[in-house]
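Visitor: Sharing upload.pdb below, PDB, C-alpha atoms:
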```pdb
ATOM      1  CA  MET A  17     -29.312  10.130   3.880
ATOM      2  CA  ASN A  18     -30.076   7.962   6.941
ATOM      3  CA  GLU A  19     -28.588   4.490   7.344
ATOM      4  CA  LEU A  20     -31.554   2.634   5.836
ATOM      5  CA  CYS A  21     -31.579   4.901   2.795
ATOM      6  CA  LEU A  22     -27.831   4.545   2.436
ATOM      7  CA  ILE A  23     -28.022   0.739   2.450
ATOM      8  CA  ARG A  24     -30.845   0.766  -0.089
ATOM      9  CA  TRP A  25     -28.823   3.099  -2.302
ATOM     10  CA  LEU A  26     -25.701   0.953  -1.935
ATOM     11  CA  ARG A  27     -27.670  -2.079  -3.108
ATOM     12  CA  THR A  28     -28.143  -0.285  -6.425
ATOM     13  CA  ARG A  29     -24.503   0.774  -6.628
ATOM     14  CA  LEU A  30     -22.475  -2.262  -5.535
ATOM     15  CA  PRO A  31     -22.332  -4.562  -8.581
ATOM     16  CA  ARG A  32     -22.797  -8.294  -8.039
ATOM     17  CA  HIS A  33     -19.574 -10.201  -8.555
ATOM     18  CA  PRO A  34     -19.198 -13.910  -9.448
ATOM     19  CA  ARG A  35     -17.445 -14.533  -6.116
ATOM     20  CA  ASP A  36     -20.283 -12.871  -4.154
ATOM     21  CA  LEU A  37     -23.152 -15.385  -3.913
ATOM     22  CA  ARG A  38     -25.698 -13.273  -2.051
ATOM     23  CA  GLY A  39     -24.975  -9.558  -2.344
ATOM     24  CA  ILE A  40     -25.200  -7.207   0.631
ATOM     25  CA  GLY A  41     -27.948  -7.399   3.236
ATOM     26  CA  ASP A  42     -27.095 -10.393   5.455
ATOM     27  CA  ASP A  43     -24.971 -10.487   8.591
ATOM     28  CA  ALA A  44     -21.987 -11.655   6.554
ATOM     29  CA  ALA A  45     -21.068 -12.011   2.904
ATOM     30  CA  VAL A  46     -21.229 -15.453   1.299
ATOM     31  CA  LEU A  47     -18.298 -16.052  -1.053
ATOM     32  CA  ARG A  48     -17.278 -18.873  -3.335
ATOM     33  CA  GLY A  49     -14.458 -21.032  -1.983
ATOM     34  CA  PHE A  50     -10.952 -20.887  -3.399
ATOM     35  CA  GLN A  51      -7.702 -22.793  -3.453
ATOM     36  CA  GLY A  52      -4.520 -21.576  -1.799
ATOM     37  CA  ARG A  53      -3.843 -19.795   1.474
ATOM     38  CA  ALA A  54      -6.201 -17.083   2.695
ATOM     39  CA  ILE A  55      -4.876 -13.695   3.775
ATOM     40  CA  LEU A  56      -6.840 -10.963   5.548
ATOM     41  CA  THR A  57      -5.836  -7.333   6.003
ATOM     42  CA  ALA A  58      -7.473  -4.232   7.467
ATOM     43  CA  ASP A  59      -6.651  -0.538   7.232
ATOM     44  CA  MET A  60      -8.230   2.449   8.944
ATOM     45  CA  LEU A  61      -8.239   6.014   7.619
ATOM     46  CA  LEU A  62      -9.086   8.989   9.818
ATOM     47  CA  GLU A  63     -10.190  12.430   8.676
ATOM     48  CA  GLY A  64      -7.500  14.960   9.563
ATOM     49  CA  THR A  65      -4.758  12.322   9.602
ATOM     50  CA  HIS A  66      -5.020  10.424   6.305
ATOM     51  CA  PHE A  67      -7.177  12.874   4.360
ATOM     52  CA  ARG A  68      -8.463  16.401   4.718
ATOM     53  CA  PRO A  69     -12.159  17.379   4.860
ATOM     54  CA  THR A  70     -11.482  19.426   1.718
ATOM     55  CA  ASP A  71     -10.014  16.534  -0.277
ATOM     56  CA  PRO A  72     -12.164  15.296  -3.183
ATOM     57  CA  PRO A  73     -14.394  12.522  -1.788
ATOM     58  CA  ALA A  74     -13.800  10.323  -4.845
ATOM     59  CA  ALA A  75     -10.040  10.477  -4.160
ATOM     60  CA  VAL A  76     -10.663   9.529  -0.520
ATOM     61  CA  GLY A  77     -12.773   6.574  -1.667
ATOM     62  CA  TRP A  78     -10.025   5.405  -4.031
ATOM     63  CA  LYS A  79      -7.403   5.694  -1.298
ATOM     64  CA  ALA A  80      -9.500   3.881   1.304
ATOM     65  CA  LEU A  81      -9.658   0.678  -0.731
ATOM     66  CA  ALA A  82      -6.265   1.090  -2.421
ATOM     67  CA  CYS A  83      -4.446   1.073   0.946
ATOM     68  CA  SER A  84      -5.703  -2.432   1.686
ATOM     69  CA  VAL A  85      -5.129  -3.630  -1.883
ATOM     70  CA  SER A  86      -1.531  -2.433  -1.476
ATOM     71  CA  ASP A  87      -1.198  -4.644   1.622
ATOM     72  CA  VAL A  88      -2.415  -7.592  -0.449
ATOM     73  CA  ALA A  89       0.122  -6.725  -3.154
ATOM     74  CA  ALA A  90       2.876  -6.670  -0.530
ATOM     75  CA  MET A  91       2.166 -10.355   0.134
ATOM     76  CA  ALA A  92       2.256 -11.195  -3.600
ATOM     77  CA  ALA A  93      -1.392 -12.151  -3.172
ATOM     78  CA  VAL A  94      -4.650 -11.583  -5.076
ATOM     79  CA  PRO A  95      -7.599  -9.692  -3.538
ATOM     80  CA  LEU A  96     -10.929 -11.523  -3.460
ATOM     81  CA  ALA A  97     -13.368  -9.210  -1.684
ATOM     82  CA  ALA A  98     -13.552  -6.198   0.624
ATOM     83  CA  THR A  99     -15.780  -4.893   3.387
ATOM     84  CA  VAL A 100     -15.918  -1.162   4.102
ATOM     85  CA  SER A 101     -17.143   0.364   7.371
ATOM     86  CA  LEU A 102     -17.848   4.084   7.649
ATOM     87  CA  GLY A 103     -18.027   6.202  10.783
ATOM     88  CA  LEU A 104     -19.574   9.393   9.401
ATOM     89  CA  ARG A 105     -19.458  12.760  11.048
ATOM     90  CA  ARG A 106     -22.930  14.221  11.411
ATOM     91  CA  GLY A 107     -23.346  16.796   8.687
ATOM     92  CA  VAL A 108     -21.489  14.858   6.004
ATOM     93  CA  THR A 109     -23.444  15.489   2.824
ATOM     94  CA  ASP A 110     -25.029  13.015   0.447
ATOM     95  CA  ARG A 111     -22.750  14.467  -2.232
ATOM     96  CA  TRP A 112     -19.671  13.507  -0.200
ATOM     97  CA  ILE A 113     -20.985   9.974   0.334
ATOM     98  CA  ARG A 114     -21.801   9.498  -3.350
ATOM     99  CA  GLY A 115     -18.405  10.814  -4.378
ATOM    100  CA  PHE A 116     -16.645   8.565  -1.870
ATOM    101  CA  VAL A 117     -18.486   5.475  -3.127
ATOM    102  CA  SER A 118     -17.744   6.321  -6.759
ATOM    103  CA  GLY A 119     -14.003   6.502  -6.054
ATOM    104  CA  MET A 120     -14.067   3.331  -3.985
ATOM    105  CA  LEU A 121     -15.871   1.414  -6.730
ATOM    106  CA  ARG A 122     -13.449   2.696  -9.353
ATOM    107  CA  CYS A 123     -10.640   1.107  -7.329
ATOM    108  CA  ALA A 124     -12.702  -2.077  -6.838
ATOM    109  CA  ARG A 125     -13.107  -2.447 -10.600
ATOM    110  CA  ALA A 126      -9.467  -1.639 -11.346
ATOM    111  CA  TYR A 127      -8.192  -4.396  -9.034
ATOM    112  CA  ASP A 128     -11.078  -6.900  -9.288
ATOM    113  CA  CYS A 129     -11.822  -6.531  -5.573
ATOM    114  CA  PRO A 130     -15.603  -6.381  -5.105
ATOM    115  CA  VAL A 131     -17.024  -4.612  -2.059
ATOM    116  CA  VAL A 132     -19.356  -7.189  -0.497
ATOM    117  CA  GLY A 133     -20.480  -5.523   2.724
ATOM    118  CA  GLY A 134     -19.532  -3.453   5.737
ATOM    119  CA  ASP A 135     -21.158  -1.187   8.296
ATOM    120  CA  THR A 136     -22.152   2.441   8.777
ATOM    121  CA  THR A 137     -22.562   4.598  11.852
ATOM    122  CA  SER A 138     -22.488   8.313  12.654
ATOM    123  CA  GLY A 139     -21.352  10.531  15.486
ATOM    124  CA  THR A 140     -19.722  13.817  16.379
ATOM    125  CA  GLY A 141     -16.132  12.757  15.722
ATOM    126  CA  PRO A 142     -14.136  12.885  12.493
ATOM    127  CA  VAL A 143     -14.940  10.564   9.591
ATOM    128  CA  ALA A 144     -13.374   7.123  10.104
ATOM    129  CA  ILE A 145     -13.088   4.528   7.344
ATOM    130  CA  ASP A 146     -12.140   0.903   7.963
ATOM    131  CA  VAL A 147     -11.487  -1.431   5.028
ATOM    132  CA  ALA A 148     -10.837  -5.165   5.298
ATOM    133  CA  VAL A 149      -9.746  -7.214   2.282
ATOM    134  CA  LEU A 150      -9.722 -10.979   1.964
ATOM    135  CA  GLY A 151      -7.205 -12.408  -0.468
ATOM    136  CA  ARG A 152      -5.489 -15.596  -1.540
ATOM    137  CA  ALA A 153      -1.869 -16.488  -2.088
ATOM    138  CA  ASP A 154      -0.231 -19.732  -3.131
ATOM    139  CA  ARG A 155       3.011 -18.667  -1.482
ATOM    140  CA  PRO A 156       2.616 -15.406   0.460
ATOM    141  CA  VAL A 157       5.815 -13.358   0.688
ATOM    142  CA  LEU A 158       6.508 -12.279   4.273
ATOM    143  CA  ARG A 159       8.642  -9.587   5.864
ATOM    144  CA  SER A 160      10.653 -12.163   7.762
ATOM    145  CA  GLY A 161      12.607 -13.862   4.970
ATOM    146  CA  ALA A 162      15.402 -11.380   4.238
ATOM    147  CA  ARG A 163      18.878 -12.914   4.365
ATOM    148  CA  ALA A 164      22.341 -11.478   4.762
ATOM    149  CA  PHE A 165      23.766 -10.209   1.441
ATOM    150  CA  ASP A 166      20.313  -9.910  -0.158
ATOM    151  CA  ALA A 167      19.871  -6.906  -2.412
ATOM    152  CA  ILE A 168      17.264  -4.391  -1.242
ATOM    153  CA  LEU A 169      15.059  -2.952  -3.999
ATOM    154  CA  VAL A 170      12.141  -0.554  -4.301
ATOM    155  CA  THR A 171       9.682   0.335  -7.039
ATOM    156  CA  GLY A 172       8.967   3.892  -8.157
ATOM    157  CA  THR A 173      10.255   7.040  -6.497
ATOM    158  CA  LEU A 174       9.974   8.070  -2.862
ATOM    159  CA  GLY A 175       8.942  11.044  -0.755
ATOM    160  CA  GLY A 176       6.632  14.032  -0.968
ATOM    161  CA  SER A 177       3.416  12.031  -1.220
ATOM    162  CA  ILE A 178       1.516  14.693   0.754
ATOM    163  CA  LEU A 179       1.589  16.841  -2.400
ATOM    164  CA  GLY A 180      -0.957  14.513  -3.998
ATOM    165  CA  LYS A 181       0.336  10.985  -4.510
ATOM    166  CA  HIS A 182      -1.152   9.823  -1.194
ATOM    167  CA  LEU A 183      -4.624  10.211  -2.734
ATOM    168  CA  ARG A 184      -3.980   8.799  -6.204
ATOM    169  CA  PHE A 185      -1.332   6.088  -5.855
ATOM    170  CA  ARG A 186      -1.831   2.807  -7.680
ATOM    171  CA  PRO A 187      -1.179  -0.356  -5.647
ATOM    172  CA  ARG A 188       1.615  -2.451  -7.179
ATOM    173  CA  LEU A 189      -0.562  -5.554  -7.453
ATOM    174  CA  SER A 190       0.405  -6.909 -10.869
ATOM    175  CA  GLU A 191       4.038  -5.901 -10.329
ATOM    176  CA  ALA A 192       4.216  -7.902  -7.100
ATOM    177  CA  GLN A 193       2.709 -10.951  -8.754
ATOM    178  CA  THR A 194       5.204 -10.706 -11.627
ATOM    179  CA  LEU A 195       8.079 -10.482  -9.164
ATOM    180  CA  ALA A 196       6.857 -13.502  -7.221
ATOM    181  CA  ARG A 197       6.351 -15.517 -10.383
ATOM    182  CA  ARG A 198       9.676 -14.759 -12.029
ATOM    183  CA  PHE A 199      12.157 -14.050  -9.223
ATOM    184  CA  PRO A 200      13.168 -15.616  -5.878
ATOM    185  CA  LEU A 201      11.712 -13.069  -3.473
ATOM    186  CA  HIS A 202      12.925 -13.440   0.110
ATOM    187  CA  ALA A 203      10.927 -10.655   1.806
ATOM    188  CA  MET A 204       8.527  -7.918   0.768
ATOM    189  CA  MET A 205       6.249  -5.191   2.151
ATOM    190  CA  ASP A 206       4.726  -1.957   0.948
ATOM    191  CA  ILE A 207       6.143   1.420   1.974
ATOM    192  CA  SER A 208       3.370   3.115   3.925
ATOM    193  CA  ASP A 209       5.367   4.766   6.722
ATOM    194  CA  GLY A 210       8.577   5.745   4.916
ATOM    195  CA  LEU A 211      11.539   3.763   3.593
ATOM    196  CA  SER A 212      13.661   3.969   6.751
ATOM    197  CA  LEU A 213      10.912   2.981   9.191
ATOM    198  CA  ASP A 214       9.455   0.228   7.026
ATOM    199  CA  LEU A 215      12.878  -1.212   6.203
ATOM    200  CA  SER A 216      13.676  -1.294   9.912
ATOM    201  CA  ARG A 217      10.478  -3.320  10.452
ATOM    202  CA  LEU A 218      11.428  -5.756   7.690
ATOM    203  CA  CYS A 219      14.897  -6.134   9.208
ATOM    204  CA  ASP A 220      13.515  -6.659  12.714
ATOM    205  CA  GLU A 221      11.229  -9.421  11.454
ATOM    206  CA  SER A 222      14.151 -11.014   9.600
ATOM    207  CA  GLY A 223      16.662 -10.705  12.437
ATOM    208  CA  ALA A 224      19.025  -8.639  10.288
ATOM    209  CA  GLY A 225      20.162  -5.124   9.454
ATOM    210  CA  ALA A 226      20.685  -3.067   6.317
ATOM    211  CA  ILE A 227      22.995  -0.624   4.600
ATOM    212  CA  LEU A 228      21.289   1.899   2.310
ATOM    213  CA  GLU A 229      23.152   3.676  -0.476
ATOM    214  CA  GLU A 230      22.405   7.402  -0.496
ATOM    215  CA  ALA A 231      23.228   7.764  -4.189
ATOM    216  CA  ALA A 232      20.811   4.982  -5.163
ATOM    217  CA  ILE A 233      17.671   6.113  -3.323
ATOM    218  CA  PRO A 234      15.094   7.248  -5.941
ATOM    219  CA  VAL A 235      14.056  10.703  -4.718
ATOM    220  CA  SER A 236      10.781  11.899  -6.235
ATOM    221  CA  THR A 237      10.192  15.265  -7.843
ATOM    222  CA  ALA A 238       7.584  15.928  -5.154
ATOM    223  CA  ALA A 239      10.198  15.335  -2.442
ATOM    224  CA  ARG A 240      12.455  17.937  -4.043
ATOM    225  CA  THR A 241       9.562  20.381  -4.316
ATOM    226  CA  LEU A 242       8.638  19.876  -0.677
ATOM    227  CA  ALA A 243      12.258  20.214   0.435
ATOM    228  CA  ALA A 244      12.474  23.625  -1.232
ATOM    229  CA  LYS A 245       9.551  24.756   0.909
ATOM    230  CA  ASP A 246      10.272  23.283   4.340
ATOM    231  CA  GLY A 247      14.074  23.285   4.515
ATOM    232  CA  LEU A 248      14.484  19.518   4.936
ATOM    233  CA  SER A 249      16.626  17.699   2.405
ATOM    234  CA  PRO A 250      15.055  15.762  -0.486
ATOM    235  CA  LEU A 251      16.800  12.673   0.911
ATOM    236  CA  SER A 252      15.098  13.150   4.294
ATOM    237  CA  HIS A 253      11.735  13.176   2.576
ATOM    238  CA  ALA A 254      12.575  10.080   0.523
ATOM    239  CA  LEU A 255      13.672   8.226   3.661
ATOM    240  CA  SER A 256      10.916   9.284   6.028
ATOM    241  CA  ASP A 257       7.771  10.488   4.248
ATOM    242  CA  GLY A 258       4.856   8.100   4.515
ATOM    243  CA  GLU A 259       2.255   6.827   2.060
ATOM    244  CA  ASP A 260       4.399   6.159  -0.995
ATOM    245  CA  PHE A 261       2.811   2.683  -1.255
ATOM    246  CA  GLU A 262       5.693   1.384  -3.341
ATOM    247  CA  LEU A 263       7.094  -2.132  -2.943
ATOM    248  CA  LEU A 264      10.147  -2.769  -0.763
ATOM    249  CA  PHE A 265      11.653  -6.219  -1.318
ATOM    250  CA  THR A 266      14.804  -8.312  -1.048
ATOM    251  CA  MET A 267      16.243 -11.045  -3.233
ATOM    252  CA  PRO A 268      19.625 -12.688  -3.914
ATOM    253  CA  GLU A 269      22.135 -10.455  -5.639
ATOM    254  CA  PRO A 270      22.230 -12.453  -8.925
ATOM    255  CA  ALA A 271      18.440 -12.233  -9.213
ATOM    256  CA  ALA A 272      18.568  -8.495  -8.565
ATOM    257  CA  ARG A 273      21.090  -8.028 -11.362
ATOM    258  CA  ARG A 274      18.835 -10.022 -13.680
ATOM    259  CA  LEU A 275      15.794  -7.934 -12.721
ATOM    260  CA  LEU A 276      17.602  -4.645 -13.272
ATOM    261  CA  ALA A 277      19.130  -5.789 -16.565
ATOM    262  CA  LYS A 278      15.756  -6.723 -18.044
ATOM    263  CA  ASN A 279      13.024  -5.122 -15.956
ATOM    264  CA  PRO A 280       9.656  -6.759 -16.776
ATOM    265  CA  LEU A 281       7.569  -4.506 -14.518
ATOM    266  CA  GLY A 282       7.187  -1.469 -16.749
ATOM    267  CA  ILE A 283       7.981   0.875 -13.837
ATOM    268  CA  ARG A 284      11.175   2.087 -12.243
ATOM    269  CA  VAL A 285      13.014  -0.357  -9.958
ATOM    270  CA  SER A 286      16.049   0.686  -7.913
ATOM    271  CA  ARG A 287      18.564  -1.318  -5.912
ATOM    272  CA  VAL A 288      18.955   0.816  -2.775
ATOM    273  CA  GLY A 289      21.056  -1.296  -0.441
ATOM    274  CA  THR A 290      22.078  -4.613   1.076
ATOM    275  CA  ILE A 291      20.850  -6.751   3.943
ATOM    276  CA  VAL A 292      23.600  -7.405   6.517
ATOM    277  CA  ARG A 293      23.899  -9.537   9.640
ATOM    278  CA  GLU A 294      24.520  -6.627  12.023
ATOM    279  CA  ARG A 295      21.257  -5.240  13.388
ATOM    280  CA  GLY A 296      20.241  -1.639  12.713
ATOM    281  CA  LEU A 297      20.230   0.639   9.689
ATOM    282  CA  ARG A 298      23.227   2.415   8.204
ATOM    283  CA  LEU A 299      23.502   4.866   5.337
ATOM    284  CA  ARG A 300      26.506   4.966   3.018
ATOM    285  CA  ARG A 301      27.003   8.600   2.037
ATOM    286  CA  ARG A 302      28.056   9.688  -1.432
ATOM    287  CA  ASP A 303      31.561  10.340  -0.106
ATOM    288  CA  GLY A 304      31.854   6.733   1.090
ATOM    289  CA  ARG A 305      31.317   7.386   4.805
ATOM    290  CA  THR A 306      28.852   5.059   6.560
ATOM    291  CA  VAL A 307      26.679   6.526   9.314
ATOM    292  CA  ARG A 308      23.958   5.191  11.573
ATOM    293  CA  LEU A 309      20.446   5.852  10.290
ATOM    294  CA  LYS A 310      17.633   6.339  12.774
ATOM    295  CA  PRO A 311      14.314   5.086  11.403
ATOM    296  CA  SER A 312      11.744   7.871  11.264
TER
END
```
The structure in this file should be written as structure tokens.
Guide:
Amino acid sequence: MNELCLIRWLRTRLPRHPRDLRGIGDDAAVLRGFQGRAILTADMLLEGTHFRPTDPPAAVGWKALACSVSDVAAMAAVPLAATVSLGLRRGVTDRWIRGFVSGMLRCARAYDCPVVGGDTTSGTGPVAIDVAVLGRADRPVLRSGARAFDAILVTGTLGGSILGKHLRFRPRLSEAQTLARRFPLHAMMDISDGLSLDLSRLCDESGAGAILEEAAIPVSTAARTLAAKDGLSPLSHALSDGEDFELLFTMPEPAARRLLAKNPLGIRVSRVGTIVRERGLRLRRRDGRTVRLKPS
């Protein structure tokens, strides 16, 4: 399938969306205007790093778009449209391409994020996928708003995503919007590089630090399974494994108690720690000792 054939085929596959006034084929997409603040995010996936050549292409397509939708969710925003650019390794089959597009479009339908354009090229290197998503937010939630004594919370369970979750996660889009609508969020991001590293980034942006509670961190079943194989602790996996794509957020303590008492999200939410004034991360062990935690 050469580039011209691929574009012609994509014209038959990419459904027209009410926000997309022209469809693909021009130098840029033409979209209906909207109210509110615009946000723009981009994510790149590389074969051998973010997916294996043997992974199902439909799962890779889902993940490619879902990563950027998760970034939109982390801002408590709504996706409007996406562009997808593919750097294909020579020898990639038509079957792989068709499978990839089917998975990508399944994600586009699930999150009302039409694919309105992009680019394709080929070469000798690994497959590279770049996805950009345009979104809107009335009041985008940033990483920089955490305040001392805020509660730190996460959705879902953490760690072990390499056993399969990294290809089939569901961005917490509606959950983030519910949180922003019903609770006073101070800061939020998605967990793509592990709880400890991403929390350290949130704290750096907010000029603060954090204490995590070992007993409260929601360790996934996959993290325990992986720990039994590689000798690391389940906690280490929950703290440091990437690509969980859960929400990490802070809010005042009374709001956190209200959220946990009557959780409207329909998924697990855990209070895992507290924002503090002193910079750096610390971990309060089950025995009460507090130790420095190096982000990893």
Visitor: In Å, how far is it from atom CA of A:Ala98 to atom CA of A:Arg29?
Guide: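 Taking atom CA of A:Ala98 and atom CA of A:Arg29, their separation equals 14.9 Å.
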Visitor: Give me the residues within 12 Å of A:Thr306 as a PyMOL selection string, counting only C-alpha atoms and dropping any in the same chain fewer than 4 places off.
Guide: chain A and resi 226-230+297-302
Visitor: Applying 10 Å and all atoms listed in the file, which residues near stretch 74-83 of chain A remain after dropping the ones on its own chain fewer than 6 positions away? List them as a VMD selection string.
Guide: chain A and resid 57 to 63 66 to 68 89 98 to 100 112 to 124 126 to 127 129 131 145 to 149 180 to 188 206 208 259 261
Visitor: May I ask which of the residues A:Leu201, A:Ile23, A:Leu179, A:Ala144 is the closest one to A:Pro270, counting all atoms listed in the file?
Guide: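 Looking only at the distances to A:Pro270, the closest residue turns out to be A:Leu201.
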Visitor: Could you spell out the hits of the PyMOL selection byres ((chain A and resi 237) around 12) on the shown file, as a list in words?
Guide: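 That selection, the PyMOL selection byres ((chain A and resi 237) around 12), comes back as Gly172, Thr173, Leu174, Gly175, Gly176, Ser177, Leu179, Gly180, Lys181, Pro234, Val235, Ser236, Ala238, Ala239, Arg240, Thr241, Leu242, Ala243, Ala244, Pro250, Leu251, His253 and Ala254 of chain A.
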Visitor: If you measure from atom CA of A:Ser86 to atom CA of A:Ile178, what distance in Å do you get, rounded to one decimal?
Guide: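 Computing the Euclidean distance for atom CA of A:Ser86 and atom CA of A:Ile178 yields 17.5 Å.
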Visitor: Enter the distance from atom CA of A:Ala164 to atom CA of A:Ser190, in Å, rounded to one decimal.
Guide: 27.3 Å
Visitor: Please write as a list in words the full residue list that the PyMOL selection byres ((chain A and resi 288) around 7) yields on this file.
Guide: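 Evaluating the PyMOL selection byres ((chain A and resi 288) around 7) on this file yields Ile168, Leu169, Leu228, Glu229, Ala232, Ile233, Ser286, Arg287 and Gly289 of chain A.
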Visitor: List as an NGL selection string the residues having at least one atom at most 10 Å from position (0.0, -8.7, 0.4) as given in the file, counting all atoms listed in the file.
Guide: :A and (55-57 or 84-95 or 151-153 or 156-158 or 188-189 or 192-193 or 204-206)
